Amino acid sequence: RGDGIVLGGTAQDGDERLGVADADTAAILVGMTARWPARRGARVRAVRVGLRPCRPTVRLEREERGDGRAIVHCHGHGGSGCTVSWGCADDVARLVAG
């Protein structure tokens with residue numbers, strides 16, 4: 001992301017709202033400027049909301065289907081999905097190979 005910075009997010013158990021919560025956005029920006037004062041007043045390009053499914057543990061397993069096909073499940077990383085999923089890649093490849 002050489003053209004911007006991604007800030008966020010929140011972790012609120014049971015919160016499934018898909019609309020932007022202005023109070024959450026404001027809290028994120030206040031926290032950012034407290035830690036990085038040089039970015040005070042930076043232009044906000046977009047505010048987005050997304051749900052990140054989370055489980056007590058990541059589901060990483062191969063499910064054999066009755067028709068000879070298989071599905072490899074690798075989900076439940078929560079808000080760390082983009083980071084943690086790389087650590088699961090070798091395991092996924094091993095499960096895909098059978």
# chains A, B, ... in the order shown; residues from 1 in each chain; ligands from 1
>>> residues_around(residues="stretch 24-28 of chain A", least_positions_apart="6", cutoff="10 Å", atoms="only C-alpha atoms", output="PyMOL selection string")
chain A and resi 7-10+34+47-48
>>> residues_around(residues="stretch 80-95 of chain A", least_positions_apart="4", cutoff="9 Å", atoms="only C-alpha atoms", output="PyMOL selection string")
chain A and resi 52+60-62+72-76
>>> write_last_selection(atoms="N, CA and C atoms", output="PDB file, in the first residue's frame")
ATOM      1  N   ARG A  52     -15.176  -9.785  10.190  1.00  0.00           N
ATOM      2  CA  ARG A  52     -14.083 -10.752  10.127  1.00  0.00           C
ATOM      3  C   ARG A  52     -14.456 -11.943  10.997  1.00  0.00           C
ATOM      4  N   LEU A  60      -8.601 -25.421  10.181  1.00  0.00           N
ATOM      5  CA  LEU A  60      -7.672 -25.807   9.126  1.00  0.00           C
ATOM      6  C   LEU A  60      -7.744 -27.323   8.998  1.00  0.00           C
ATOM      7  N   GLU A  61      -8.532 -27.770   8.024  1.00  0.00           N
ATOM      8  CA  GLU A  61      -8.718 -29.209   7.841  1.00  0.00           C
ATOM      9  C   GLU A  61      -9.205 -29.509   6.428  1.00  0.00           C
ATOM     10  N   ARG A  62      -9.013 -30.741   6.032  1.00  0.00           N
ATOM     11  CA  ARG A  62      -9.487 -31.231   4.742  1.00  0.00           C
ATOM     12  C   ARG A  62     -10.772 -32.011   4.987  1.00  0.00           C
ATOM     13  N   VAL A  72     -10.667 -27.876   1.364  1.00  0.00           N
ATOM     14  CA  VAL A  72      -9.749 -27.534   2.440  1.00  0.00           C
ATOM     15  C   VAL A  72     -10.265 -26.255   3.093  1.00  0.00           C
ATOM     16  N   HIS A  73     -10.566 -26.364   4.368  1.00  0.00           N
ATOM     17  CA  HIS A  73     -11.060 -25.219   5.142  1.00  0.00           C
ATOM     18  C   HIS A  73      -9.876 -24.544   5.828  1.00  0.00           C
ATOM     19  N   CYS A  74      -9.800 -23.245   5.696  1.00  0.00           N
ATOM     20  CA  CYS A  74      -8.784 -22.455   6.398  1.00  0.00           C
ATOM     21  C   CYS A  74      -9.414 -21.098   6.672  1.00  0.00           C
ATOM     22  N   HIS A  75     -10.099 -20.994   7.795  1.00  0.00           N
ATOM     23  CA  HIS A  75     -10.789 -19.741   8.116  1.00  0.00           C
ATOM     24  C   HIS A  75     -10.913 -19.571   9.614  1.00  0.00           C
ATOM     25  N   GLY A  76     -11.384 -18.383   9.989  1.00  0.00           N
ATOM     26  CA  GLY A  76     -11.561 -18.071  11.401  1.00  0.00           C
ATOM     27  C   GLY A  76     -10.382 -17.324  11.984  1.00  0.00           C
TER      28      GLY A  76
END
>>> closest_residue(among="A:Leu29, A:Val96, A:Ala11, A:Val6", to="A:Ala70", atoms="only C-alpha atoms")
A:Val96
>>> closest_residue(among="A:Cys54, A:Val49, A:Val30, A:Val44", to="A:Gly14", atoms="only C-alpha atoms")
A:Cys54
>>> select_by_dssp(residues="chain A", states="strand (DSSP E or B)", output="mmCIF file with N, CA, C and O atoms, in the first residue's frame")
data_model
loop_
_atom_site.group_PDB
_atom_site.id
_atom_site.type_symbol
_atom_site.label_atom_id
_atom_site.label_comp_id
_atom_site.auth_asym_id
_atom_site.auth_seq_id
_atom_site.Cartn_x
_atom_site.Cartn_y
_atom_site.Cartn_z
ATOM 1 N N CYS A 54 -14.435 -14.975 13.242
ATOM 2 C CA CYS A 54 -13.419 -15.430 14.183
ATOM 3 C C CYS A 54 -13.950 -16.655 14.902
ATOM 4 O O CYS A 54 -15.147 -16.790 15.106
ATOM 5 N N ARG A 55 -13.062 -17.534 15.236
ATOM 6 C CA ARG A 55 -13.402 -18.751 15.963
ATOM 7 C C ARG A 55 -12.447 -18.863 17.150
ATOM 8 O O ARG A 55 -11.421 -18.196 17.158
ATOM 9 N N PRO A 56 -12.758 -19.720 18.106
ATOM 10 C CA PRO A 56 -11.809 -19.910 19.218
ATOM 11 C C PRO A 56 -10.438 -20.386 18.723
ATOM 12 O O PRO A 56 -9.410 -20.040 19.283
ATOM 13 N N THR A 57 -10.444 -21.192 17.647
ATOM 14 C CA THR A 57 -9.215 -21.620 16.976
ATOM 15 C C THR A 57 -9.474 -21.572 15.481
ATOM 16 O O THR A 57 -10.620 -21.670 15.031
ATOM 17 N N VAL A 58 -8.432 -21.426 14.698
ATOM 18 C CA VAL A 58 -8.562 -21.424 13.240
ATOM 19 C C VAL A 58 -9.007 -22.807 12.787
ATOM 20 O O VAL A 58 -8.537 -23.823 13.297
ATOM 21 N N ARG A 59 -9.936 -22.842 11.839
ATOM 22 C CA ARG A 59 -10.333 -24.129 11.250
ATOM 23 C C ARG A 59 -9.404 -24.391 10.074
ATOM 24 O O ARG A 59 -9.415 -23.668 9.086
ATOM 25 N N LEU A 60 -8.601 -25.421 10.181
ATOM 26 C CA LEU A 60 -7.672 -25.807 9.126
ATOM 27 C C LEU A 60 -7.744 -27.323 8.998
ATOM 28 O O LEU A 60 -7.162 -28.065 9.791
ATOM 29 N N GLU A 61 -8.532 -27.770 8.024
ATOM 30 C CA GLU A 61 -8.718 -29.209 7.841
ATOM 31 C C GLU A 61 -9.205 -29.509 6.428
ATOM 32 O O GLU A 61 -9.733 -28.647 5.739
ATOM 33 N N ARG A 62 -9.013 -30.741 6.032
ATOM 34 C CA ARG A 62 -9.487 -31.231 4.742
ATOM 35 C C ARG A 62 -10.772 -32.011 4.987
ATOM 36 O O ARG A 62 -10.832 -32.867 5.857
ATOM 37 N N GLU A 63 -11.788 -31.670 4.210
ATOM 38 C CA GLU A 63 -13.079 -32.361 4.301
ATOM 39 C C GLU A 63 -13.281 -33.163 3.023
ATOM 40 O O GLU A 63 -13.324 -32.609 1.928
ATOM 41 N N GLU A 64 -13.374 -34.449 3.159
ATOM 42 C CA GLU A 64 -13.616 -35.330 2.014
ATOM 43 C C GLU A 64 -15.092 -35.306 1.671
ATOM 44 O O GLU A 64 -15.938 -35.482 2.540
ATOM 45 N N ALA A 70 -12.608 -32.891 -2.516
ATOM 46 C CA ALA A 70 -12.290 -32.477 -1.144
ATOM 47 C C ALA A 70 -12.326 -30.953 -1.068
ATOM 48 O O ALA A 70 -12.103 -30.267 -2.057
ATOM 49 N N ILE A 71 -12.604 -30.462 0.123
ATOM 50 C CA ILE A 71 -12.563 -29.034 0.413
ATOM 51 C C ILE A 71 -11.548 -28.851 1.534
ATOM 52 O O ILE A 71 -11.577 -29.580 2.529
ATOM 53 N N VAL A 72 -10.667 -27.876 1.364
ATOM 54 C CA VAL A 72 -9.749 -27.534 2.440
ATOM 55 C C VAL A 72 -10.265 -26.255 3.093
ATOM 56 O O VAL A 72 -10.416 -25.225 2.443
ATOM 57 N N HIS A 73 -10.566 -26.364 4.368
ATOM 58 C CA HIS A 73 -11.060 -25.219 5.142
ATOM 59 C C HIS A 73 -9.876 -24.544 5.828
ATOM 60 O O HIS A 73 -9.053 -25.217 6.447
ATOM 61 N N CYS A 74 -9.800 -23.245 5.696
ATOM 62 C CA CYS A 74 -8.784 -22.455 6.398
ATOM 63 C C CYS A 74 -9.414 -21.098 6.672
ATOM 64 O O CYS A 74 -9.302 -20.173 5.869
ATOM 65 N N HIS A 75 -10.099 -20.994 7.795
ATOM 66 C CA HIS A 75 -10.789 -19.741 8.116
ATOM 67 C C HIS A 75 -10.913 -19.571 9.614
ATOM 68 O O HIS A 75 -10.581 -20.467 10.383
ATOM 69 N N GLY A 76 -11.384 -18.383 9.989
ATOM 70 C CA GLY A 76 -11.561 -18.071 11.401
ATOM 71 C C GLY A 76 -10.382 -17.324 11.984
ATOM 72 O O GLY A 76 -10.182 -17.305 13.192
ATOM 73 N N HIS A 77 -9.580 -16.686 11.128
ATOM 74 C CA HIS A 77 -8.409 -15.953 11.583
ATOM 75 C C HIS A 77 -8.772 -14.613 12.221
ATOM 76 O O HIS A 77 -7.918 -13.949 12.791
#
>>> atom_distance(atom1="atom CA of A:Pro37", atom2="atom CA of A:Ala21")
23.4 Å
>>> select_by_dssp(residues="chain A", states="alpha helix (DSSP H)", output="ChimeraX atom specification")
/A:22-35,81-97
>>> residues_around(residues="A:Gly4", least_positions_apart="3", cutoff="12 Å", atoms="only C-alpha atoms", output="list in words")
Arg1, Leu7, Arg39, Ala42, Arg43, Val44, Arg45 and Ala46 of chain A
>>> write_last_selection(atoms="C-alpha atoms", output="PDB file, in the first residue's frame")
ATOM      1  CA  ARG A   1       0.000   0.000   0.000  1.00  0.00           C
ATOM      2  CA  LEU A   7      -6.072   2.229   9.982  1.00  0.00           C
ATOM      3  CA  ARG A  39      -0.358  12.613  10.564  1.00  0.00           C
ATOM      4  CA  ALA A  42      -4.399  13.598   7.132  1.00  0.00           C
ATOM      5  CA  ARG A  43      -7.026  13.159   4.410  1.00  0.00           C
ATOM      6  CA  VAL A  44      -9.348  10.193   4.951  1.00  0.00           C
ATOM      7  CA  ARG A  45     -10.000   8.586   1.573  1.00  0.00           C
ATOM      8  CA  ALA A  46     -12.582   6.040   2.646  1.00  0.00           C
TER       9      ALA A  46
END
>>> closest_residue(among="A:Gly79, A:Arg35, A:Gly98, A:Asp22", to="A:Leu51", atoms="only C-alpha atoms")
A:Gly79
>>> closest_residue(among="A:Asp15, A:Val20, A:Gly2, A:Gly78", to="A:Pro53", atoms="only C-alpha atoms")
A:Gly78
